[in-house]
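The structure under discussion appears below in the form of structure tokens.
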There are 2 protein chains.
Amino acid sequence: MTMYDITAPVAPVVPTRGRLRPLGLDEVRITGGFWGERQRVNGEATLSHIESRLESEGWLPNFDLAAAGTLPAGRRGREFSDSEVYKYLEGLAWEIGRTDAAADAELEQRFARVVARVAAAQEDDGYLNTMFGRPGQGERWSALEWGHELYCLGHLFQAAAARHRTRPSADDGLVGIARRAADLVCREFGPDGRDAICGHAEVEVGLAELGRALEEQRYIDQAALFVERHGRGALAEIEWGRQYFQDDVPVREAEALRGHAVRANYLAAAAVDVAVEGRDDQLVGALRRQWDRTLERRTYVTGGQGSHHQDESFGEDWELPPDRAYSETCAGIGSIMFSWRLLLATGDTRHADLIERTLFNVVATSPAPDGRSFYYANTLHQRTPGVPADPDGTSLRASSSLRAPWFEVSCCPPNVARMFASLDAYLATADDEGVQLHQYAPSRVRTALPDGTAIAFTVETSYPADGRILITHETDAAREWTLALRVPSWADGAMLRVSAANGVPHEQQVSPGTTEIRRPFRVGDTVELVLPVAPRATSPDPRVDAVRGCLVVERGPEVFALESVDLGGDVVDAVLSGDPLERDGRVWAPIARRGEEIAREVPLVPYHDWAERGPSTMRVWIPTS
Amino acid sequence: MTMYDITAPVAPVVPTRGRLRPLGLDEVRITGGFWGERQRVNGEATLSHIESRLESEGWLPNFDLAAAGTLPAGRRGREFSDSEVYKYLEGLAWEIGRTDAAADAELEQRFARVVARVAAAQEDDGYLNTMFGRPGQGERWSALEWGHELYCLGHLFQAAAARHRTRPSADDGLVGIARRAADLVCREFGPDGRDAICGHAEVEVGLAELGRALEEQRYIDQAALFVERHGRGALAEIEWGRQYFQDDVPVREAEALRGHAVRANYLAAAAVDVAVEGRDDQLVGALRRQWDRTLERRTYVTGGQGSHHQDESFGEDWELPPDRAYSETCAGIGSIMFSWRLLLATGDTRHADLIERTLFNVVATSPAPDGRSFYYANTLHQRTPGVPADPDGTSLRASSSLRAPWFEVSCCPPNVARMFASLDAYLATADDEGVQLHQYAPSRVRTALPDGTAIAFTVETSYPADGRILITHETDAAREWTLALRVPSWADGAMLRVSAANGVPHEQQVSPGTTEIRRPFRVGDTVELVLPVAPRATSPDPRVDAVRGCLVVERGPEVFALESVDLGGDVVDAVLSGDPLERDGRVWAPIARRGEEIAREVPLVPYHDWAERGPSTMRVWIPTS
């Protein structure tokens, strides 16, 4: 694979068509900053933490016991525990892909060892799941509502696609395992097979990507079949209604995402995949409308999604209680998956806006700085100080208000790990005429346009601490091309400064949306974007009942929170009584106690850092009277 | 039993001591009006509706199958289905107790038939439960967290106490069944038995009352033992924490009700019982403080309790989202049980205030006018029009936003039935010096003070439609006695008018709390209380985030709601822009659309009548801007 192979980007999502082409890990590399630090911790701590827990919880040993024929009927782990192993493999594959060869040797060994254990548990016909099909276990495919068999395979397929793209010549067998399992799924659930779907969408997005990676149209067709089967009552009615599974309304007829927020986003992401591959513009249009409505009415200011603890689901329109925000970390990642696919399909930078908001305020919130404990749910209002999680224990998913090292349902930690390890691939895209930069991080970009025009530039920035983003070109282009920069929706008054090595600098104000610079960029040419990151107080939509009479403080893409450790008392009586300001590198807000006139300035913390100084009460939306 | 037997009131709760003595069904009779109509429907429709469903759902046949030894391992009904049969029997017992003999013959036959079927399923040692102890079923007492065995028996005991008090000479065997089961519980769970509790409090309140009815101190002692065992980790840790079962903190150390709202109230009610019987003033004090705090911080304006759907539980302090109010009907009934016992123990009329609020706005809300469908949860804000329940089907407990005829968890319908059938016993109490009238309904009261002073009066009123309550005395008292009338907390400006047949009428303004009239009442003397029931707009506590910037319209004890069917459109953009008023017997509010200046008057409905005209959106708290 060359650095300029435009036919096969090393990326999680590689559609065969669309408005924008993703740039992969081989073309974009984060070199430091906010996200670089998180990638470093992910690589150095989180991945091994996850493997250690997969081992000690018995979720990896389940594969060994299955291979040995000694897996007890009441095996350890929930019905979806296999998927955490596959998500870990996917994270490891991306980590190998983005780091250099020296560091990779040890990672490669870890990868191969885990793959060998998975391989040993696969049955001759391709079936692979440690929860079903053995004596004392349920029959294969007998519990599609809750069994997660196809869901687990979807994660296997995504891991195999990652492996295939990052190390296409590797001979560890993961791609073969996935291929045999995918073939079985096509036989069992194809047009002439069971007219059924999985209770948790994921196999669709996995099949679509494996099909793209291996150029197996059959897999994409099977993904399309699963997507289309939703909304026809294939699954049993349950207490929360079939919307929990998105089996209430066909995907193309729905008005908004609904039901379980992770399931909804995974399905929507897959629906974009199959719509794009099938040239189904009507379906893309339906999904864009669902995305719009979900953003307007069912998404927290953090980008978080899911208002109900009970069924981990979206609420009704405008039902966004901060204190009961579920906002599962995995739903945030699912939302990024959905948005990213729509961005590739349409080029609409609003999708990148939501990705940024969700990355900074949901995904970055989950892990502690040491990368060894995580939020599963992400409340926007903590009324009582949390109880620290047992560092050696396993927490219940949403019971702790502090980060926990592991959960009985531990989908979030490996989801964060695979997202961070592949994050480089979400920064930039290309089309025939140039490159689009969507997320701002210290990074370098090396790619080529279809006609061979070489493009190379570096991005230097302390964003989001600072709003200045400096792009320096490192090749002489043979022709004019277009550099498109996203100007976030909050960035009123952004400034753009273009300096050609041999010309007069040009400066202009740019509006939120996209700003384009088209020139024959030469070595040393710079483009500087200055985003206004002064703190601002934002009003809610008046239809969101739960935060009426409140404001939220934001700065750049970051949402800020008031914590009791800074207030010196419970946040219950805190009132925001003036404009936020910045001083000494911190954001401050004038806060009074309810019923008192005198306000004092209290520092706020970026929401993604809350509760890092121990138990506290906290609120994001602050009453104004 | 005479009409003046003051030692054994025909009432659900008969403490051996306390500030006030309950007046039973033999002393107080509702004769019409708001509650009389509900009692009529309950007797004519609801009770037979319940029996029909207990039959068709298999919950009554479970007893037959158990007796025949043919109960399948996967029997029909949830683990607590036996309790619905016992609640039905309790309701039937009260209905027999409050109606006349002619109507009773058929009810007596129904009662005896059900008792015979229950009796046949009881085992030789007194054990009685259709879910446990047989081949293929769980072992007795092996699943105390979720098995509900003791819970079911608690309802059996309450039914037996009701039967014993309403028909002490009946020979149908229910009291004997209960006695044998209670003896078994004392043997199994006594001081030398299992150091355990049931995951759903109820056996405590049942044992205490059966002990009082049968004068068996052992049962009261066992109830006290169960109460004291709470909060010591007798039950397993669960996802929602042991507070779900009230097994997190000992009863006397808790600060507020918490966890599952029905469990919490049933346990608190039992704790008052055993505290009163054990002369444990410290425990009574703790429970009063818990009641105060729960009312201040964890109770909806309707009196409803329970902010979480997930675990049917109380939320944190000030966490009272209208749109996610669970406010289970049974929690309202449990709250009345708790409040009533505190009222008897302390004489504090604030407990009667909450009972009134909860009766009108939770209990009365549940059943439809025909008494054949019910709310399980009682939301205060409906965002989307509900889907009508299948009149022949069985609904999931909280999934429907319209009343449903039956639920898989169908605790609420029989709970409403037993409450309505015994409601006469919650209107008035007595002490050595007179009678206290707590709830206002057309009724007659006949009792005697301990020294034999006969008391008889009628109450005439259209309350709550009208605020005038006229009490006319029908005996000549041998001496002065005190008539105490509750003046509700909202009733600023209430007027009292006392007219002696042979004297000058006397009129005065009275303040919320209690007003007392002490005289030697003679035949024809009247006391008239006029409560100001003009519509009023009430502000929320500023610490309740979810209703900041809203007002609720109330009139007398009734909370009012804005329904889309009256607004002619969704309530999402409705703004309350002035004072509510009364016209043509209805309450009207000036409502504007958000962003528009012009308001128009829209009728509001009493919350207990909402959704009686079909699906609608609805809100109780209305934004003011």
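Just so we're on the same page: first chain in the structure tokens is A, next is B, and so on; residues restart at 1 for each chain, and ligands are numbered from 1 in the order they show up.
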Shell of 7 Å around region 589-600 of chain B, only C-alpha atoms, local chain residues under 4 positions omitted, as JSON, numbers by chain: {"B": [573, 574, 575, 576, 577, 578, 579, 580, 581, 604]}
Per-residue DSSP, region 316-499 of chain B, filtered to strand (DSSP E), as a PDB file with C-alpha atoms, in the first residue's frame:
```
ATOM      1  CA  HIS B 381     -46.989  15.907  30.857  1.00  0.00           C
ATOM      2  CA  GLN B 382     -47.994  13.947  27.800  1.00  0.00           C
ATOM      3  CA  ALA B 428     -63.195  11.084  60.142  1.00  0.00           C
ATOM      4  CA  THR B 429     -61.606  10.192  63.452  1.00  0.00           C
ATOM      5  CA  ALA B 430     -62.457  10.656  67.096  1.00  0.00           C
ATOM      6  CA  ASP B 431     -60.775  11.265  70.407  1.00  0.00           C
ATOM      7  CA  GLY B 434     -64.956  14.839  69.935  1.00  0.00           C
ATOM      8  CA  VAL B 435     -64.789  14.099  66.254  1.00  0.00           C
ATOM      9  CA  GLN B 436     -62.359  15.302  63.595  1.00  0.00           C
ATOM     10  CA  LEU B 437     -63.561  15.625  60.044  1.00  0.00           C
ATOM     11  CA  SER B 443     -71.839  11.595  54.427  1.00  0.00           C
ATOM     12  CA  ARG B 444     -73.281  10.780  57.755  1.00  0.00           C
ATOM     13  CA  VAL B 445     -71.400  10.179  60.963  1.00  0.00           C
ATOM     14  CA  ARG B 446     -72.711   8.184  63.920  1.00  0.00           C
ATOM     15  CA  THR B 447     -70.424   7.423  66.808  1.00  0.00           C
ATOM     16  CA  ALA B 448     -70.054   7.819  70.528  1.00  0.00           C
ATOM     17  CA  ALA B 454     -73.700  10.016  71.273  1.00  0.00           C
ATOM     18  CA  ILE B 455     -72.702  11.932  68.175  1.00  0.00           C
ATOM     19  CA  ALA B 456     -74.610  12.030  64.919  1.00  0.00           C
ATOM     20  CA  PHE B 457     -74.424  14.482  62.075  1.00  0.00           C
ATOM     21  CA  THR B 458     -74.748  14.664  58.333  1.00  0.00           C
ATOM     22  CA  VAL B 459     -72.426  16.383  55.906  1.00  0.00           C
ATOM     23  CA  GLU B 460     -73.909  17.973  52.799  1.00  0.00           C
ATOM     24  CA  THR B 461     -71.632  19.340  50.116  1.00  0.00           C
ATOM     25  CA  ARG B 468     -69.522  24.953  50.951  1.00  0.00           C
ATOM     26  CA  ILE B 469     -69.707  22.154  53.496  1.00  0.00           C
ATOM     27  CA  LEU B 470     -72.790  22.006  55.695  1.00  0.00           C
ATOM     28  CA  ILE B 471     -72.832  19.885  58.831  1.00  0.00           C
ATOM     29  CA  THR B 472     -76.176  19.337  60.512  1.00  0.00           C
ATOM     30  CA  HIS B 473     -76.361  17.716  63.923  1.00  0.00           C
ATOM     31  CA  TRP B 481     -67.803  18.156  72.601  1.00  0.00           C
ATOM     32  CA  THR B 482     -65.413  19.352  69.969  1.00  0.00           C
ATOM     33  CA  LEU B 483     -65.972  19.162  66.254  1.00  0.00           C
ATOM     34  CA  ALA B 484     -62.619  19.702  64.522  1.00  0.00           C
ATOM     35  CA  LEU B 485     -62.581  20.562  60.851  1.00  0.00           C
ATOM     36  CA  ARG B 486     -59.562  20.462  58.636  1.00  0.00           C
ATOM     37  CA  VAL B 487     -58.948  23.705  56.747  1.00  0.00           C
ATOM     38  CA  ALA B 494     -61.999  30.120  54.599  1.00  0.00           C
ATOM     39  CA  MET B 495     -65.182  31.086  56.487  1.00  0.00           C
ATOM     40  CA  LEU B 496     -66.869  29.231  59.340  1.00  0.00           C
ATOM     41  CA  ARG B 497     -70.533  29.795  60.263  1.00  0.00           C
ATOM     42  CA  VAL B 498     -72.041  28.143  63.344  1.00  0.00           C
ATOM     43  CA  SER B 499     -75.810  28.269  63.809  1.00  0.00           C
TER      44      SER B 499
END
```
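The space between CA of Ser616 (chain B) and CA of Thr379 (chain B) spans 12.7 Å.
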Near chain A, which residues of chain B fall within 6 Å when you count only C-alpha atoms, and what do they look like as a PyMOL selection string? chain B and resi 239+310+396+546
Would you mind exporting all heavy atoms of the selected residues as a compact mmCIF listing (two decimals), in the first residue's frame?
```txt
# COMPACT_ATOMS: atom_id res chain seq x y z
N GLU B 239 -28.70 -3.75 40.49
CA GLU B 239 -28.25 -2.63 39.66
C GLU B 239 -28.66 -1.27 40.22
O GLU B 239 -27.92 -0.31 40.13
CB GLU B 239 -28.79 -2.80 38.23
CG GLU B 239 -28.46 -1.61 37.33
CD GLU B 239 -28.55 -1.94 35.85
OE1 GLU B 239 -28.82 -3.10 35.49
OE2 GLU B 239 -28.32 -1.02 35.04
N GLN B 310 -37.50 3.70 35.32
CA GLN B 310 -36.60 2.55 35.31
C GLN B 310 -36.85 1.59 36.46
O GLN B 310 -37.01 0.40 36.27
CB GLN B 310 -35.15 3.02 35.34
CG GLN B 310 -34.18 1.88 35.19
CD GLN B 310 -32.74 2.36 35.24
OE1 GLN B 310 -32.41 3.27 35.98
NE2 GLN B 310 -31.91 1.78 34.43
N LEU B 396 -48.87 -3.59 29.01
CA LEU B 396 -47.67 -3.51 29.81
C LEU B 396 -47.83 -2.30 30.71
O LEU B 396 -48.50 -1.34 30.36
CB LEU B 396 -46.48 -3.39 28.87
CG LEU B 396 -46.40 -4.65 28.00
CD1 LEU B 396 -45.65 -4.38 26.71
CD2 LEU B 396 -45.75 -5.78 28.77
N ALA B 546 -37.18 20.90 36.81
CA ALA B 546 -37.96 20.48 35.64
C ALA B 546 -39.16 21.35 35.35
O ALA B 546 -39.72 21.27 34.26
CB ALA B 546 -38.40 19.02 35.81
```
Determine which residues of region 54-248 of chain A receive a DSSP assignment of helix (DSSP H, G or I), computed from the backbone, and state them as a PyMOL selection string. chain A and resi 54-56+61-68+81-98+101-121+149-166+174-189+203-214+217-229+242-245
Kindly give the distance, in Å, that separates CA of Glu296 (chain A) and CA of Thr346 (chain A), rounded to a single decimal.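 Separating CA of Glu296 (chain A) from CA of Thr346 (chain A) is a distance of 18.9 Å.
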Spatial neighbours of region 192-202 of chain A, max dist 8 Å, only C-alpha atoms, sep filter under 6 positions, as a ChimeraX atom specification: /A:144-152,154-155,226,229-230,234-235,245,263-264,266-267,270
Grab the residues selected above and save them as a CSV table (one decimal), in the first residue's frame with N, CA, C and O atoms.
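In the end it all went to selection-v5.csv:
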```csv
chain,number,residue,atom,x,y,z
A,144,LEU,N,-33.4,-14.0,18.9
A,144,LEU,CA,-32.9,-12.9,18.1
A,144,LEU,C,-33.2,-11.6,18.8
A,144,LEU,O,-32.4,-10.6,18.6
A,145,GLU,N,-34.2,-11.5,19.6
A,145,GLU,CA,-34.5,-10.2,20.3
A,145,GLU,C,-33.3,-9.8,21.2
A,145,GLU,O,-32.9,-8.7,21.2
A,146,TRP,N,-32.8,-10.7,22.0
A,146,TRP,CA,-31.9,-10.4,23.1
A,146,TRP,C,-30.6,-11.1,22.9
A,146,TRP,O,-29.7,-10.9,23.7
A,147,GLY,N,-30.4,-12.1,22.0
A,147,GLY,CA,-29.3,-12.9,22.0
A,147,GLY,C,-28.0,-12.3,21.5
A,147,GLY,O,-26.9,-12.7,21.8
A,148,HIS,N,-28.1,-11.2,20.7
A,148,HIS,CA,-26.9,-10.5,20.2
A,148,HIS,C,-26.0,-11.4,19.3
A,148,HIS,O,-24.8,-11.0,19.2
A,149,GLU,N,-26.4,-12.5,18.8
A,149,GLU,CA,-25.5,-13.3,18.0
A,149,GLU,C,-25.0,-12.5,16.7
A,149,GLU,O,-23.8,-12.5,16.5
A,150,LEU,N,-25.9,-12.0,16.0
A,150,LEU,CA,-25.6,-11.2,14.8
A,150,LEU,C,-24.8,-9.9,15.2
A,150,LEU,O,-23.9,-9.5,14.5
A,151,TYR,N,-25.3,-9.3,16.2
A,151,TYR,CA,-24.6,-8.1,16.7
A,151,TYR,C,-23.1,-8.4,17.0
A,151,TYR,O,-22.2,-7.7,16.5
A,152,CYS,N,-22.8,-9.5,17.7
A,152,CYS,CA,-21.4,-9.9,17.9
A,152,CYS,C,-20.7,-10.0,16.6
A,152,CYS,O,-19.5,-9.6,16.4
A,154,GLY,N,-21.3,-8.6,13.8
A,154,GLY,CA,-21.1,-7.3,13.2
A,154,GLY,C,-19.8,-6.7,13.6
A,154,GLY,O,-19.0,-6.1,12.8
A,155,HIS,N,-19.5,-6.8,14.9
A,155,HIS,CA,-18.3,-6.3,15.5
A,155,HIS,C,-17.1,-7.1,15.0
A,155,HIS,O,-16.0,-6.5,14.7
A,226,PHE,N,-31.1,-6.8,5.7
A,226,PHE,CA,-31.3,-6.6,7.2
A,226,PHE,C,-31.9,-5.2,7.5
A,226,PHE,O,-32.8,-5.0,8.3
A,229,ARG,N,-35.5,-5.0,6.4
A,229,ARG,CA,-36.4,-5.9,7.2
A,229,ARG,C,-36.8,-5.2,8.5
A,229,ARG,O,-37.8,-5.6,9.2
A,230,HIS,N,-36.1,-4.1,8.9
A,230,HIS,CA,-36.5,-3.4,10.2
A,230,HIS,C,-37.9,-2.7,9.9
A,230,HIS,O,-38.1,-2.2,8.9
A,234,ALA,N,-40.5,-7.9,12.8
A,234,ALA,CA,-39.8,-9.2,12.8
A,234,ALA,C,-39.5,-9.7,14.3
A,234,ALA,O,-39.4,-10.9,14.5
A,235,LEU,N,-39.4,-8.7,15.1
A,235,LEU,CA,-39.1,-9.1,16.5
A,235,LEU,C,-40.3,-9.0,17.4
A,235,LEU,O,-41.3,-8.4,17.0
A,245,PHE,N,-36.1,-1.6,19.2
A,245,PHE,CA,-35.2,-2.3,18.2
A,245,PHE,C,-35.2,-1.6,16.9
A,245,PHE,O,-34.7,-2.2,15.9
A,263,ARG,N,-28.6,1.3,19.3
A,263,ARG,CA,-29.2,0.5,18.2
A,263,ARG,C,-29.6,1.5,17.1
A,263,ARG,O,-29.4,1.2,15.9
A,264,ALA,N,-30.3,2.6,17.5
A,264,ALA,CA,-30.8,3.5,16.5
A,264,ALA,C,-29.7,4.1,15.6
A,264,ALA,O,-29.8,4.2,14.4
A,266,TYR,N,-26.5,2.9,15.2
A,266,TYR,CA,-25.9,1.8,14.4
A,266,TYR,C,-26.7,1.5,13.2
A,266,TYR,O,-26.1,1.3,12.1
A,267,LEU,N,-28.0,1.4,13.4
A,267,LEU,CA,-28.8,1.1,12.2
A,267,LEU,C,-28.8,2.2,11.2
A,267,LEU,O,-28.7,1.9,10.0
A,270,ALA,N,-25.7,2.1,9.2
A,270,ALA,CA,-25.7,1.1,8.2
A,270,ALA,C,-26.7,1.4,7.0
A,270,ALA,O,-26.4,1.1,5.8
```
Shell of 9 Å around Ala66 (chain B), only C-alpha atoms, local chain residues under 6 positions omitted, as a list of chain:residue names: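 The neighbour list is B:Pro72, B:Ala120, B:Ala121, B:Gln122, B:Asn129, B:Thr130, B:Arg134.
CA of Pro250 (chain B) to CA of Arg279 (chain B) spans 18.2 Å [interatomic distance, one decimal].
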With a distance cut-off of 12 Å and only C-alpha atoms, select the neighbouring residues of Ala224 (chain A), excluding the residue or stretch itself and same-chain residues fewer than 2 positions from it, and output the selection as JSON, numbers by chain. {"A": [186, 189, 190, 191, 197, 203, 204, 205, 206, 207, 208, 209, 211, 217, 218, 219, 220, 221, 222, 226, 227, 228, 229, 230, 251, 267, 268, 269, 270, 271, 272, 273, 274, 275, 276, 277, 278, 279, 280, 283]}
Long-range neighbours of region 91-96 of chain A as a list in words, 8 Å cut-off, only C-alpha atoms, 2 positions minimum in chain: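 Neighbouring residues, sequence-local ones excluded: Gly43, Leu47, Lys87, Tyr88, Leu89, Arg98, Thr99, Asp100, Ala101, Asp104, Leu107, Glu108, Phe111, Ala159, Ala162, Arg163, Thr166, Pro414, Ala417, Arg418, Met419, Ala421 and Ser422 of chain A.
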Which residues are near Ala345 (chain B)? Cut-off 10 Å, only C-alpha atoms, ignore same chain within fewer than 3 positions. Put them as an MDAnalysis selection string. chainID B and resid 15 17:21 272:273 275:276 281 284 339:342 348
Output file for the selection above: C-alpha atoms, as a compact mmCIF listing (two decimals), in the first residue's frame:
```txt
# COMPACT_ATOMS: atom_id res chain seq x y z
CA PRO B 15 -54.04 1.00 66.23
CA ARG B 17 -53.17 3.70 70.75
CA GLY B 18 -52.50 7.04 69.13
CA ARG B 19 -53.72 10.61 69.09
CA LEU B 20 -56.85 9.82 67.04
CA ARG B 21 -59.13 6.82 66.82
CA VAL B 272 -45.68 3.62 61.92
CA ASP B 273 -47.76 0.61 62.95
CA ALA B 275 -43.71 2.18 66.30
CA VAL B 276 -47.16 3.01 67.64
CA ASP B 281 -41.68 7.61 69.81
CA VAL B 284 -42.42 7.86 64.97
CA SER B 339 -50.05 9.44 55.85
CA TRP B 340 -53.18 8.00 57.41
CA ARG B 341 -51.20 6.10 60.03
CA LEU B 342 -49.21 9.23 60.88
CA ASP B 348 -51.29 16.52 62.39
```
For Trp406 (chain B), which of B:Thr538, B:Thr394, B:Asn502, B:Ser307 is the closest residue, counting only C-alpha atoms? B:Thr394
Which one of B:Gly452, B:Ala389, B:Asn361, B:Pro369 sits closest to Phe560 (chain B) if you count only C-alpha atoms? B:Asn361
